[in-house]
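**Student:** Below you will find the structure I want to go over with you.
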Amino acid sequence: MSEADAILVDLQAAEVAATGALGAAASLEDLRVAQGEVLGRRSPLARINARLGALDAEQRRRVGAEVNAARQRLEARAASRRDELEAAGRASRLEADRLDLTEAALLGPRAWVAGLPDRGRLHLVTQTRDELEDIFVGMGFGVAEGPEAETDWYNFEALNMPPAHPARSMWDTLYLDLGEPESVVLRTHTSPVQIRLMESQPPPLYAVAPGRVYRKETPDARHLAVFHQLEGLVVDEGIGFADLAGTIEVFTGAFFGQGVHSRLRPSYFPFTEPSAELDVTCPVCAGSGCRTCSQAGWIELGGAGMVDPNVFSAVGLDPERWTGFAFGFGIDRLAMIRVGLGDVRALTDNDLRFLHQF
Ligand code: FA5
């Protein structure tokens, strides 16, 4: 057999062995080693290449082309094996990351207490907001929302507080660095939604608007800097103070249960006239006086009153024709009272031992 033929026989054997070695690589690392062995400088292929020097020019060209073709086939096989191994790696990583949610769902809400995974729940404040919405929807109210970043007009001016009005200091305001200085605020209450409601639809209006509000306050046992309010607004013909008092009383019974009553105390808000502070019987002591209510028997929930004629004028409604009432109370405060919580900050501490009780 000529040397050229001998080389071709060896080449064929080397290619078969090399193809097998590449296909047998079980990992990317295996493949890297196998590639070095079958295509590297000390590989059978490299030794075959070295033998080409002994051939004459014509044979060298012919056999050399065969060696190159074999090398290209082996490189292609190495690349396809790499693709296979990478795809398998991705599939097994995905499989390992899979979350089996069925088990947690089956374990139920008390699972956490037993140290088992738990399916989670809504925050107490969210549960309270949902329940408030349900109660008012049951009384025929719609549910509205407004933006948390408000212009000075909605948060103050349209609510009968022109620039520099002293009542603005009732709310410690956080301003956003947007537009003219002090023109955009983080809303200090949900009352601006009253304006948005009256601007966007004609009376009669019966709506509540729950949402987050912001004040520049240092949190303490009864105050948060970010908390939630529920605004209520009714605008219709012939609405009087008794409608306000009746609505609040029905709501109080529905939320706290029979035995808890409401009362309205004279107060001042620029956007209502007359205005009232809204209290409910302390549900902890049923009105006899305890620590929660500072011995008063009553707990303050929010403010309320008849919509001021200036507010109607600001939104272009005729105060001679339309009358209405508005109220606004703290959702966190309501949740706190109902579960007998001594410190409102527990709602934002994110201590799971606390949150899992509700
Ligand atoms: C207002 O914010 C008025 N917009 C309420 C209103 C609406 C009056 C419509 C008339 C007509 P006030 O600042 O008092 O009023 O807040 C209302 C309620 O929000 C409070 O009674 C309390 O329940 C809750 N609240 C106020 N500040 C905080 C705070 N820092 N942390 C938690 N709750 C608060």
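Chain labels follow the order of the structure tokens: the first chain is A, the next B, and so on; residue numbering restarts at 1 in every chain, and ligands are counted from 1 in their shown order.
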Given a cut-off of 6 Å, what residues near ligand 1 show up using only C-alpha atoms and all ligand atoms, put as number ranges by chain?
**Tutor:** A: 189, 191, 223-225, 227, 229, 269, 272, 300-305, 326-330, 333
**Student:** Export, as a PDB file, in the first residue's frame, the selected residues with N, CA and C atoms.
**Tutor:**
```pdb
ATOM      1  N   HIS A 189     -54.476  64.345  51.404  1.00  0.00           N
ATOM      2  CA  HIS A 189     -55.743  63.714  51.757  1.00  0.00           C
ATOM      3  C   HIS A 189     -56.422  63.243  50.466  1.00  0.00           C
ATOM      4  N   SER A 191     -59.361  64.177  49.596  1.00  0.00           N
ATOM      5  CA  SER A 191     -60.380  65.164  49.197  1.00  0.00           C
ATOM      6  C   SER A 191     -60.229  65.688  47.760  1.00  0.00           C
ATOM      7  N   HIS A 223     -49.920  57.879  64.231  1.00  0.00           N
ATOM      8  CA  HIS A 223     -49.711  58.556  62.947  1.00  0.00           C
ATOM      9  C   HIS A 223     -48.654  57.876  62.086  1.00  0.00           C
ATOM     10  N   LEU A 224     -48.928  57.841  60.782  1.00  0.00           N
ATOM     11  CA  LEU A 224     -47.941  57.385  59.799  1.00  0.00           C
ATOM     12  C   LEU A 224     -47.699  58.541  58.825  1.00  0.00           C
ATOM     13  N   ALA A 225     -46.572  58.493  58.128  1.00  0.00           N
ATOM     14  CA  ALA A 225     -46.318  59.529  57.120  1.00  0.00           C
ATOM     15  C   ALA A 225     -46.999  59.156  55.798  1.00  0.00           C
ATOM     16  N   PHE A 227     -50.254  56.939  54.684  1.00  0.00           N
ATOM     17  CA  PHE A 227     -51.381  56.165  55.201  1.00  0.00           C
ATOM     18  C   PHE A 227     -52.516  56.178  54.177  1.00  0.00           C
ATOM     19  N   GLN A 229     -56.755  56.851  53.221  1.00  0.00           N
ATOM     20  CA  GLN A 229     -58.045  57.440  53.586  1.00  0.00           C
ATOM     21  C   GLN A 229     -59.128  56.913  52.658  1.00  0.00           C
ATOM     22  N   PHE A 269     -63.340  72.499  58.539  1.00  0.00           N
ATOM     23  CA  PHE A 269     -62.570  72.175  57.339  1.00  0.00           C
ATOM     24  C   PHE A 269     -62.931  73.232  56.312  1.00  0.00           C
ATOM     25  N   THR A 272     -65.852  72.236  53.754  1.00  0.00           N
ATOM     26  CA  THR A 272     -67.207  71.864  54.179  1.00  0.00           C
ATOM     27  C   THR A 272     -67.743  72.940  55.120  1.00  0.00           C
ATOM     28  N   GLU A 300     -61.784  59.108  67.400  1.00  0.00           N
ATOM     29  CA  GLU A 300     -61.925  59.939  66.203  1.00  0.00           C
ATOM     30  C   GLU A 300     -61.549  59.142  64.952  1.00  0.00           C
ATOM     31  N   LEU A 301     -62.434  59.209  63.967  1.00  0.00           N
ATOM     32  CA  LEU A 301     -62.198  58.468  62.716  1.00  0.00           C
ATOM     33  C   LEU A 301     -61.828  59.377  61.561  1.00  0.00           C
ATOM     34  N   GLY A 302     -62.447  60.556  61.520  1.00  0.00           N
ATOM     35  CA  GLY A 302     -62.191  61.427  60.370  1.00  0.00           C
ATOM     36  C   GLY A 302     -63.007  62.692  60.431  1.00  0.00           C
ATOM     37  N   GLY A 303     -63.063  63.352  59.273  1.00  0.00           N
ATOM     38  CA  GLY A 303     -63.799  64.608  59.186  1.00  0.00           C
ATOM     39  C   GLY A 303     -64.956  64.479  58.205  1.00  0.00           C
ATOM     40  N   ALA A 304     -65.892  65.424  58.292  1.00  0.00           N
ATOM     41  CA  ALA A 304     -67.060  65.367  57.419  1.00  0.00           C
ATOM     42  C   ALA A 304     -67.726  66.732  57.384  1.00  0.00           C
ATOM     43  N   GLY A 305     -68.714  66.882  56.528  1.00  0.00           N
ATOM     44  CA  GLY A 305     -69.468  68.133  56.502  1.00  0.00           C
ATOM     45  C   GLY A 305     -70.243  68.285  55.212  1.00  0.00           C
ATOM     46  N   ALA A 326     -69.626  65.482  52.312  1.00  0.00           N
ATOM     47  CA  ALA A 326     -68.378  64.750  52.079  1.00  0.00           C
ATOM     48  C   ALA A 326     -67.865  64.279  53.424  1.00  0.00           C
ATOM     49  N   PHE A 327     -67.124  63.179  53.390  1.00  0.00           N
ATOM     50  CA  PHE A 327     -66.447  62.723  54.609  1.00  0.00           C
ATOM     51  C   PHE A 327     -65.126  62.086  54.197  1.00  0.00           C
ATOM     52  N   GLY A 328     -64.210  62.021  55.145  1.00  0.00           N
ATOM     53  CA  GLY A 328     -62.923  61.386  54.856  1.00  0.00           C
ATOM     54  C   GLY A 328     -62.393  60.783  56.131  1.00  0.00           C
ATOM     55  N   PHE A 329     -62.119  59.469  56.114  1.00  0.00           N
ATOM     56  CA  PHE A 329     -61.522  58.913  57.324  1.00  0.00           C
ATOM     57  C   PHE A 329     -60.338  58.015  57.027  1.00  0.00           C
ATOM     58  N   GLY A 330     -59.574  57.740  58.091  1.00  0.00           N
ATOM     59  CA  GLY A 330     -58.339  56.976  57.944  1.00  0.00           C
ATOM     60  C   GLY A 330     -58.630  55.478  57.912  1.00  0.00           C
ATOM     61  N   ARG A 333     -56.532  53.774  60.512  1.00  0.00           N
ATOM     62  CA  ARG A 333     -57.133  54.019  61.825  1.00  0.00           C
ATOM     63  C   ARG A 333     -58.305  53.060  62.051  1.00  0.00           C
TER      64      ARG A 333
END
```
**Student:** Please provide as a PyMOL selection string all residues within 9 Å of A:Leu124, with the sequence filter that same-chain residues fewer than 6 positions apart are discarded (counting only C-alpha atoms).
**Tutor:** chain A and resi 332+335+347+355+358
**Student:** May I have all residues of stretch 92-256 of chain A that DSSP, computed from the backbone, assigns to strand (DSSP E), given as an MDAnalysis selection string?
**Tutor:** chainID A and resid 142:143 149:151 174:175 184:186 205:214 226:236
**Student:** May I have the residues within 9 Å of A:Val63 as a PyMOL selection string, using only C-alpha atoms and disregarding those fewer than 5 positions away in the same chain?
**Tutor:** chain A and resi 4-5+7-8+52+55+58+68
**Student:** Please produce a file of the residues just selected, as a PDB file, in the first residue's frame, where the atoms kept are N, CA and C atoms.
**Tutor:**
```
ATOM      1  N   ALA A   4       0.399   7.252   0.710  1.00  0.00           N
ATOM      2  CA  ALA A   4      -0.823   8.063   0.602  1.00  0.00           C
ATOM      3  C   ALA A   4      -2.048   7.247   1.008  1.00  0.00           C
ATOM      4  N   ASP A   5      -2.142   5.999   0.536  1.00  0.00           N
ATOM      5  CA  ASP A   5      -3.297   5.158   0.884  1.00  0.00           C
ATOM      6  C   ASP A   5      -3.280   4.826   2.368  1.00  0.00           C
ATOM      7  N   ILE A   7      -2.110   6.623   4.712  1.00  0.00           N
ATOM      8  CA  ILE A   7      -2.575   7.809   5.452  1.00  0.00           C
ATOM      9  C   ILE A   7      -4.106   7.887   5.421  1.00  0.00           C
ATOM     10  N   LEU A   8      -4.687   7.624   4.241  1.00  0.00           N
ATOM     11  CA  LEU A   8      -6.150   7.720   4.123  1.00  0.00           C
ATOM     12  C   LEU A   8      -6.854   6.686   5.000  1.00  0.00           C
ATOM     13  N   LEU A  52       2.051  14.206   5.834  1.00  0.00           N
ATOM     14  CA  LEU A  52       1.839  14.694   4.474  1.00  0.00           C
ATOM     15  C   LEU A  52       3.147  15.173   3.827  1.00  0.00           C
ATOM     16  N   LEU A  55       4.921  13.104   1.205  1.00  0.00           N
ATOM     17  CA  LEU A  55       4.270  12.819  -0.089  1.00  0.00           C
ATOM     18  C   LEU A  55       4.724  13.796  -1.166  1.00  0.00           C
ATOM     19  N   GLU A  58       1.534  16.362  -5.738  1.00  0.00           N
ATOM     20  CA  GLU A  58       0.209  15.985  -6.226  1.00  0.00           C
ATOM     21  C   GLU A  58      -0.558  15.200  -5.164  1.00  0.00           C
ATOM     22  N   ASN A  68      -8.259  17.926   5.559  1.00  0.00           N
ATOM     23  CA  ASN A  68      -8.987  19.157   5.905  1.00  0.00           C
ATOM     24  C   ASN A  68     -10.490  18.913   6.013  1.00  0.00           C
TER      25      ASN A  68
END
```
**Student:** Taking the DSSP assignment computed from this structure's backbone, write out as a list of chain:residue names all residues of stretch 203-305 of chain A that belong to alpha helix (DSSP H).
**Tutor:**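 Those in stretch 203-305 of chain A that DSSP calls alpha helix (DSSP H) are A:Phe241, A:Ala242, A:Asp243, A:Leu244, A:Ala245, A:Gly246, A:Thr247, A:Ile248, A:Glu249, A:Val250, A:Phe251, A:Thr252, A:Gly253, A:Ala254, A:Phe255, A:Phe256.
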**Student:** Within 12 Å of A:Cys290, counting only C-alpha atoms, which residues qualify if same-chain residues fewer than 5 places away don't, as an NGL selection string?
**Tutor:** :A and (281-285 or 295-299 or 340 or 342)
**Student:** Excluding A:Ala21 and any residue of its chain fewer than 4 positions from it, enumerate the residues within 12 Å of it, using only C-alpha atoms, and give them as a list in words.
**Tutor:**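 Counting only the stated atoms, we get Ala14, Glu15, Val16, Ala17, Ala25, Ala26, Asp30, Leu31, Arg32, Val33, Ala34, Gln35, Gly36, Glu37, Val38, Leu39, Leu74, Arg77, Ala78 and Arg81 of chain A.
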**Student:** For those residues, write C-alpha atoms to a file as a PDB file, in the first residue's frame.
**Tutor:**
```pdb
ATOM      1  CA  ALA A  14      -9.026   8.454  13.367  1.00  0.00           C
ATOM      2  CA  GLU A  15     -12.181  10.245  12.230  1.00  0.00           C
ATOM      3  CA  VAL A  16     -14.439   7.378  13.364  1.00  0.00           C
ATOM      4  CA  ALA A  17     -12.759   7.315  16.787  1.00  0.00           C
ATOM      5  CA  ALA A  25     -18.809  13.899  25.932  1.00  0.00           C
ATOM      6  CA  ALA A  26     -21.392  14.160  28.750  1.00  0.00           C
ATOM      7  CA  ASP A  30     -15.817  16.681  28.793  1.00  0.00           C
ATOM      8  CA  LEU A  31     -16.335  18.192  25.358  1.00  0.00           C
ATOM      9  CA  ARG A  32     -13.527  20.695  25.840  1.00  0.00           C
ATOM     10  CA  VAL A  33     -11.121  17.860  26.790  1.00  0.00           C
ATOM     11  CA  ALA A  34     -12.288  15.608  23.920  1.00  0.00           C
ATOM     12  CA  GLN A  35     -11.888  18.463  21.432  1.00  0.00           C
ATOM     13  CA  GLY A  36      -8.275  18.941  22.560  1.00  0.00           C
ATOM     14  CA  GLU A  37      -7.611  15.237  22.189  1.00  0.00           C
ATOM     15  CA  VAL A  38      -9.113  14.795  18.714  1.00  0.00           C
ATOM     16  CA  LEU A  39      -8.303  18.152  17.109  1.00  0.00           C
ATOM     17  CA  LEU A  74     -15.084  16.963  13.319  1.00  0.00           C
ATOM     18  CA  ARG A  77     -19.633  17.683  15.174  1.00  0.00           C
ATOM     19  CA  ALA A  78     -17.981  19.375  18.195  1.00  0.00           C
ATOM     20  CA  ARG A  81     -22.464  18.494  20.499  1.00  0.00           C
TER      21      ARG A  81
END
```
**Student:** Name the residues in contact with A:Ser200 at a cut-off of 10 Å, using only C-alpha atoms, excluding same-chain residues fewer than 4 positions from it; report them as a tab-separated table (two decimals) with N, CA and C atoms, in the first residue's frame.
**Tutor:**
```tsv
chain	number	residue	atom	x	y	z
A	195	ILE	N	-63.03	66.84	43.85
A	195	ILE	CA	-63.00	67.80	42.74
A	195	ILE	C	-62.99	67.06	41.40
A	196	ARG	N	-62.12	66.02	41.33
A	196	ARG	CA	-62.03	65.27	40.07
A	196	ARG	C	-63.36	64.62	39.72
A	315	VAL	N	-65.91	74.14	40.67
A	315	VAL	CA	-66.04	73.13	39.60
A	315	VAL	C	-67.21	73.45	38.67
```
**Student:** Go through A:Arg215, A:Arg129, A:Arg82, A:Arg291 and flag the residue nearest A:Ile331, using only C-alpha atoms for the distances.
**Tutor:**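 The shortest atom-to-atom distance to A:Ile331 comes from A:Arg129.
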**Student:** So that I can see what lies close to A:Ser262, please list as a PyMOL selection string the residues with an atom at most 8 Å from it, counting only C-alpha atoms and leaving out residues fewer than 5 positions away in the same chain.
**Tutor:** chain A and resi 248-249+252+278-281
**Student:** Export, as a PDB file, in the first residue's frame, the selected residues with N, CA and C atoms.
**Tutor:**
```pdb
ATOM      1  N   ILE A 248     -73.361  57.837  57.807  1.00  0.00           N
ATOM      2  CA  ILE A 248     -72.246  57.447  58.667  1.00  0.00           C
ATOM      3  C   ILE A 248     -72.709  56.400  59.689  1.00  0.00           C
ATOM      4  N   GLU A 249     -73.901  56.569  60.213  1.00  0.00           N
ATOM      5  CA  GLU A 249     -74.402  55.626  61.224  1.00  0.00           C
ATOM      6  C   GLU A 249     -74.616  54.236  60.613  1.00  0.00           C
ATOM      7  N   THR A 252     -71.212  52.714  60.081  1.00  0.00           N
ATOM      8  CA  THR A 252     -70.568  52.306  61.333  1.00  0.00           C
ATOM      9  C   THR A 252     -71.101  50.948  61.805  1.00  0.00           C
ATOM     10  N   LEU A 278     -65.717  63.295  63.073  1.00  0.00           N
ATOM     11  CA  LEU A 278     -66.544  62.100  63.135  1.00  0.00           C
ATOM     12  C   LEU A 278     -65.931  61.102  64.126  1.00  0.00           C
ATOM     13  N   ASP A 279     -66.679  60.742  65.157  1.00  0.00           N
ATOM     14  CA  ASP A 279     -66.200  59.787  66.160  1.00  0.00           C
ATOM     15  C   ASP A 279     -67.058  58.530  66.141  1.00  0.00           C
ATOM     16  N   VAL A 280     -66.488  57.411  66.582  1.00  0.00           N
ATOM     17  CA  VAL A 280     -67.298  56.198  66.790  1.00  0.00           C
ATOM     18  C   VAL A 280     -67.096  55.707  68.221  1.00  0.00           C
ATOM     19  N   THR A 281     -68.096  54.985  68.739  1.00  0.00           N
ATOM     20  CA  THR A 281     -67.962  54.375  70.058  1.00  0.00           C
ATOM     21  C   THR A 281     -66.695  53.531  70.075  1.00  0.00           C
TER      22      THR A 281
END
```
**Student:** For each of A:Asp56, A:Asp349, A:Asp10, A:Glu75, take the minimum atom-to-atom distance to A:Gly40, counting only C-alpha atoms, then give the residue where this is smallest.
**Tutor:**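 Of the candidates, the smallest distance to A:Gly40 is held by A:Glu75.
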**Student:** Report, in Å with one decimal, the straight-line distance from atom CA of A:Gly232 to atom CA of A:Val208.
**Tutor:**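 The value is 4.3 Å.
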**Student:** Nearest to A:Arg73 among A:Val260, A:Leu22, A:Val9, A:Val307, with distances taken over only C-alpha atoms: which residue is it?
**Tutor:** A:Leu22
**Student:** Could you state the separation of atom CA of A:Val213 and atom CA of A:Ser313 in Å, given to one decimal place?
**Tutor:**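 These two atoms are separated by 25.4 Å.
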**Student:** Which of these, A:Thr292, A:Lys216, A:Ala314, A:Phe325, has the shortest distance to A:Leu341 once you count only C-alpha atoms?
**Tutor:**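 Of A:Thr292, A:Lys216, A:Ala314, A:Phe325, the one nearest A:Leu341 is A:Thr292, counting only C-alpha atoms.
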**Student:** Between A:Ala209, A:Ala69, A:Leu317, A:Leu334, which is the closest to A:Gln127 once you count only C-alpha atoms?
**Tutor:**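 Of A:Ala209, A:Ala69, A:Leu317, A:Leu334, the one nearest A:Gln127, counting only C-alpha atoms, is A:Leu334.
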